[in-house]
Structures are given as C-alpha cells and as structure tokens.
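Structure below is upload.pdb: PDB, C-alpha atoms.
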```
ATOM      1  CA  ARG R 201     -83.021  35.565 -64.334
ATOM      2  CA  GLU R 202     -80.942  37.085 -67.113
ATOM      3  CA  ASN R 203     -83.718  36.381 -69.603
ATOM      4  CA  ILE R 204     -86.192  38.329 -67.430
ATOM      5  CA  VAL R 205     -83.921  41.364 -67.570
ATOM      6  CA  ILE R 206     -83.527  41.024 -71.348
ATOM      7  CA  LEU R 207     -87.296  40.697 -71.886
ATOM      8  CA  GLY R 208     -87.996  43.728 -69.691
ATOM      9  CA  GLU R 209     -85.387  45.794 -71.497
ATOM     10  CA  ARG R 210     -86.768  44.872 -74.928
ATOM     11  CA  LYS R 211     -90.348  45.588 -73.847
ATOM     12  CA  SER R 212     -89.385  48.962 -72.343
ATOM     13  CA  ARG R 213     -88.013  49.899 -75.772
ATOM     14  CA  GLY R 214     -91.409  49.123 -77.320
ATOM     15  CA  LYS R 215     -90.430  45.817 -78.914
ATOM     16  CA  ARG R 216     -93.121  43.333 -79.936
ATOM     17  CA  ILE R 217     -92.381  40.017 -78.163
ATOM     18  CA  TYR R 218     -94.003  36.704 -79.107
ATOM     19  CA  GLY R 219     -93.451  33.374 -77.402
ATOM     20  CA  MET R 220     -92.606  30.549 -79.785
ATOM     21  CA  GLY R 221     -94.490  27.397 -78.869
ATOM     22  CA  ALA R 222     -96.619  26.595 -75.842
ATOM     23  CA  PRO R 223     -95.067  23.429 -74.372
ATOM     24  CA  VAL R 224     -95.626  22.442 -70.745
ATOM     25  CA  LYS R 225     -91.994  23.205 -69.842
ATOM     26  CA  GLY R 226     -92.304  26.672 -71.369
ATOM     27  CA  ASN R 227     -95.506  27.404 -69.488
ATOM     28  CA  THR R 228     -93.866  26.235 -66.270
ATOM     29  CA  LEU R 229     -91.102  28.778 -66.880
ATOM     30  CA  LEU R 230     -93.596  31.567 -67.657
ATOM     31  CA  ASN R 231     -95.532  30.864 -64.465
ATOM     32  CA  TYR R 232     -92.439  30.534 -62.265
ATOM     33  CA  PHE R 233     -91.044  33.880 -63.417
ATOM     34  CA  GLN R 234     -94.498  35.511 -63.700
ATOM     35  CA  ILE R 235     -94.016  36.405 -67.370
ATOM     36  CA  GLY R 236     -97.443  37.314 -68.693
ATOM     37  CA  PRO R 237     -99.258  39.203 -71.441
ATOM     38  CA  ALA R 238     -97.790  42.530 -70.307
ATOM     39  CA  THR R 239     -94.450  41.196 -71.577
ATOM     40  CA  ILE R 240     -95.320  38.575 -74.190
ATOM     41  CA  ASP R 241     -98.023  39.615 -76.658
ATOM     42  CA  CYS R 242     -98.954  36.073 -77.674
ATOM     43  CA  LEU R 243     -97.656  32.521 -77.959
ATOM     44  CA  VAL R 244     -97.259  31.268 -81.523
ATOM     45  CA  GLU R 245     -98.163  27.601 -82.007
ATOM     46  CA  LYS R 246     -98.445  25.034 -84.802
ATOM     47  CA  ASN R 247    -100.710  22.625 -82.914
ATOM     48  CA  GLU R 248    -104.319  23.240 -84.008
ATOM     49  CA  LEU R 249    -105.591  21.837 -80.700
ATOM     50  CA  ARG R 250    -104.326  25.007 -79.017
ATOM     51  CA  ARG R 251    -106.099  27.409 -81.402
ATOM     52  CA  ASN R 252    -107.735  30.369 -79.610
ATOM     53  CA  LEU R 253    -106.713  29.139 -76.160
ATOM     54  CA  PHE R 254    -104.677  30.878 -73.466
ATOM     55  CA  SER R 255    -101.589  29.700 -71.638
ATOM     56  CA  PRO R 256    -102.373  28.152 -68.257
ATOM     57  CA  GLY R 257    -101.709  30.476 -65.347
ATOM     58  CA  MET R 258    -100.473  33.575 -67.167
ATOM     59  CA  HIS R 259    -103.322  33.648 -69.720
ATOM     60  CA  ILE R 260    -101.219  34.651 -72.719
ATOM     61  CA  PRO R 261    -103.276  34.269 -75.927
ATOM     62  CA  ILE R 262    -102.205  31.467 -78.268
ATOM     63  CA  ARG R 263    -102.233  32.183 -82.012
ATOM     64  CA  MET R 264    -101.541  29.886 -84.929
ATOM     65  CA  GLU R 265     -98.194  30.327 -86.667
ATOM     66  CA  ASN R 266     -99.797  30.435 -90.124
ATOM     67  CA  GLU R 267    -102.078  33.302 -89.023
ATOM     68  CA  ILE R 268     -99.348  35.665 -87.823
ATOM     69  CA  GLU R 269     -99.371  38.676 -90.144
ATOM     70  CA  THR R 270     -96.682  40.782 -88.484
ATOM     71  CA  ALA R 271     -93.423  39.258 -87.300
ATOM     72  CA  PRO R 272     -92.348  40.205 -83.797
ATOM     73  CA  ASP R 273     -89.165  42.026 -82.967
ATOM     74  CA  VAL R 274     -88.308  39.223 -80.537
ATOM     75  CA  TYR R 275     -89.258  35.542 -80.292
ATOM     76  CA  TYR R 276     -88.942  34.079 -76.783
ATOM     77  CA  VAL R 277     -88.489  30.415 -77.663
ATOM     78  CA  LEU R 278     -90.293  28.169 -75.189
ATOM     79  CA  ALA R 279     -89.487  25.013 -77.176
ATOM     80  CA  TRP R 280     -85.766  25.561 -76.584
ATOM     81  CA  ASN R 281     -84.911  21.893 -77.171
ATOM     82  CA  PHE R 282     -85.585  22.499 -80.892
ATOM     83  CA  LYS R 283     -83.152  25.425 -81.114
ATOM     84  CA  HIS R 284     -81.233  24.303 -84.202
ATOM     85  CA  GLU R 285     -84.373  23.326 -86.119
ATOM     86  CA  ILE R 286     -86.092  26.606 -85.188
ATOM     87  CA  LEU R 287     -83.149  28.749 -86.270
ATOM     88  CA  LYS R 288     -82.844  26.800 -89.537
ATOM     89  CA  ASN R 289     -86.580  27.050 -90.294
ATOM     90  CA  HIS R 290     -86.694  30.764 -89.474
ATOM     91  CA  ALA R 291     -83.486  31.902 -91.179
ATOM     92  CA  ASP R 292     -85.551  34.465 -93.107
ATOM     93  CA  LEU R 293     -86.694  36.121 -89.862
ATOM     94  CA  LEU R 294     -83.142  36.137 -88.508
ATOM     95  CA  ALA R 295     -81.992  37.799 -91.727
ATOM     96  CA  ARG R 296     -84.681  40.479 -91.232
ATOM     97  CA  GLY R 297     -83.409  41.197 -87.723
ATOM     98  CA  VAL R 298     -85.893  39.263 -85.594
ATOM     99  CA  GLU R 299     -84.168  38.298 -82.359
ATOM    100  CA  PHE R 300     -84.561  34.793 -80.910
ATOM    101  CA  LEU R 301     -84.149  34.406 -77.130
ATOM    102  CA  PHE R 302     -83.611  30.925 -75.700
ATOM    103  CA  PRO R 303     -84.344  30.974 -71.959
ATOM    104  CA  VAL R 304     -82.536  27.736 -71.086
ATOM    105  CA  ASP R 305     -79.359  28.054 -73.098
ATOM    106  CA  PRO R 306     -75.858  29.336 -72.435
ATOM    107  CA  ASP R 307     -76.123  31.227 -75.745
ATOM    108  CA  LEU R 308     -79.278  33.099 -74.741
ATOM    109  CA  VAL R 309     -79.603  35.357 -77.778
ATOM    110  CA  ALA R 310     -79.429  34.346 -81.460
TER     111      ALA R 310
END
```
Rewrite the structure from the file as structure tokens, please.
Amino acid sequence: RENIVILGERKSRGKRIYGMGAPVKGNTLLNYFQIGPATIDCLVEKNELRRNLFSPGMHIPIRMENEIETAPDVYYVLAWNFKHEILKNHADLLARGVEFLFPVDPDLVA
C-alpha cells in the first residue's frame, strides 16, 4: 500500500508517471490496487507485439520505449525482477532526476 500513497502524492504534485514494462505480474498489481490512467499516463514497453494496445483491466495505453519523446518524472517499474538491469540501463535518467519506484521491493524508491 505504501506505493499507492507515493504514486498519489507524486500525481497530486503534477508529476508525469509512466509504468515501465507491461508484464502479467505488473498488470495483476495494477488491477488489484486499481491503479489506472488517472495515475499512470502510459506503460512503456520494448515488445513490439504490445504496440498501440492497452493494459488489460485498467486500460492504460502502451507506448514503445523508442517512441517516448519526453521522459517522465517517475517510472513505476512493473518488471521489478529486472531492477539492477533497469537502473544500470537508465543511469542517464537517474542522473537527470527521474525517480524509479519498485512496487515489490524493500527499497521502494531509487
């Protein structure tokens, strides 16, 4: 539940929040906690098979990573099992102040 509070607080401050990835486990979490497009602007994916689709249940639009023109203020990482790889591959975004939230992690914020 802590991540719900954090997301709500960031959104109330006008932050742009993108979900990173659209795995089944992440969509299960979004549906369980009723996190939808009012909170998360889009899900960012690498898998071309998900191009122009919407997340099941919450109907969050899915956009391709290589088509994102403006970085979010916050990434809500739904592929949390790849935490170390994600942080390594996005060190430039971290350096620019983009926040990464990991919903299933004792260290929730990076």
Which residue out of R:Arg201, R:Arg263, R:Arg251, R:Arg210 has the minimum interatomic distance to Gln234 in chain R when only C-alpha atoms are used?
-> R:Arg201
Let me have the centre and edge lengths in Å, one decimal, of the box along x, y and z around every listed atom of range 232-248 of chain R with 5 Å of margin on each side, as JSON.
```
{"center_x": -97.7, "center_y": 32.6, "center_z": -73.5, "size_x": 23.3, "size_y": 29.9, "size_z": 32.5}
```
Mind telling me what the PyMOL selection byres ((chain R and resi 269-282) around 6) catches here, as an MDAnalysis selection string?
-> chainID R and resid 215:221 226 268 283:286 298:302
Quote the spacing between CA of Lys211 in chain R and CA of Cys242 in chain R in Å to one decimal place.
->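 Value for the CA of Lys211 in chain R-CA of Cys242 in chain R distance: 13.4 Å.
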Rounded to one decimal in Å, what is the spacing between CA of Ile206 in chain R and CA of Asn231 in chain R?
->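 These atoms are spaced 17.2 Å apart.
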Identify the residues around (-99.8, 32.1, -84.5) within a radius of 8 Å, measuring from all atoms listed in the file in the coordinates stated by the file, and give them as a list of chain:residue names.
->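 Within 8 Å of (-99.8, 32.1, -84.5), the protein and nucleic acid residues are R:Cys242, R:Leu243, R:Val244, R:Glu245, R:Lys246, R:Ile262, R:Arg263, R:Met264, R:Glu265, R:Asn266, R:Glu267, R:Ile268.
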Smallest atom-to-atom distance to Arg250 in chain R: which of R:Ala238, R:Ala222, R:Leu293, R:Ile204, using all atoms listed in the file?
->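 When distances to Arg250 in chain R are compared using all atoms listed in the file, the smallest one comes from R:Ala222.
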Residue contacts of Asn227 in chain R (9 Å, only C-alpha atoms) excluding same-chain residues fewer than 6 positions away, as a list in words |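 The residues that qualify are Ser255, Pro256, Gly257, Met258 and Leu278 of chain R.
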So what do you get for CA of Gly297 in chain R versus CA of Ile240 in chain R, distance-wise?
->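 Taking CA of Gly297 in chain R and CA of Ile240 in chain R, their separation equals 18.2 Å.
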Using all atoms listed in the file, which residue out of R:Asp292, R:Asp241, R:Asp305, R:Glu202 lies closest to Ile260 in chain R?
->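 Once distances to Ile260 in chain R are computed over all atoms listed in the file, the minimum belongs to R:Asp241.
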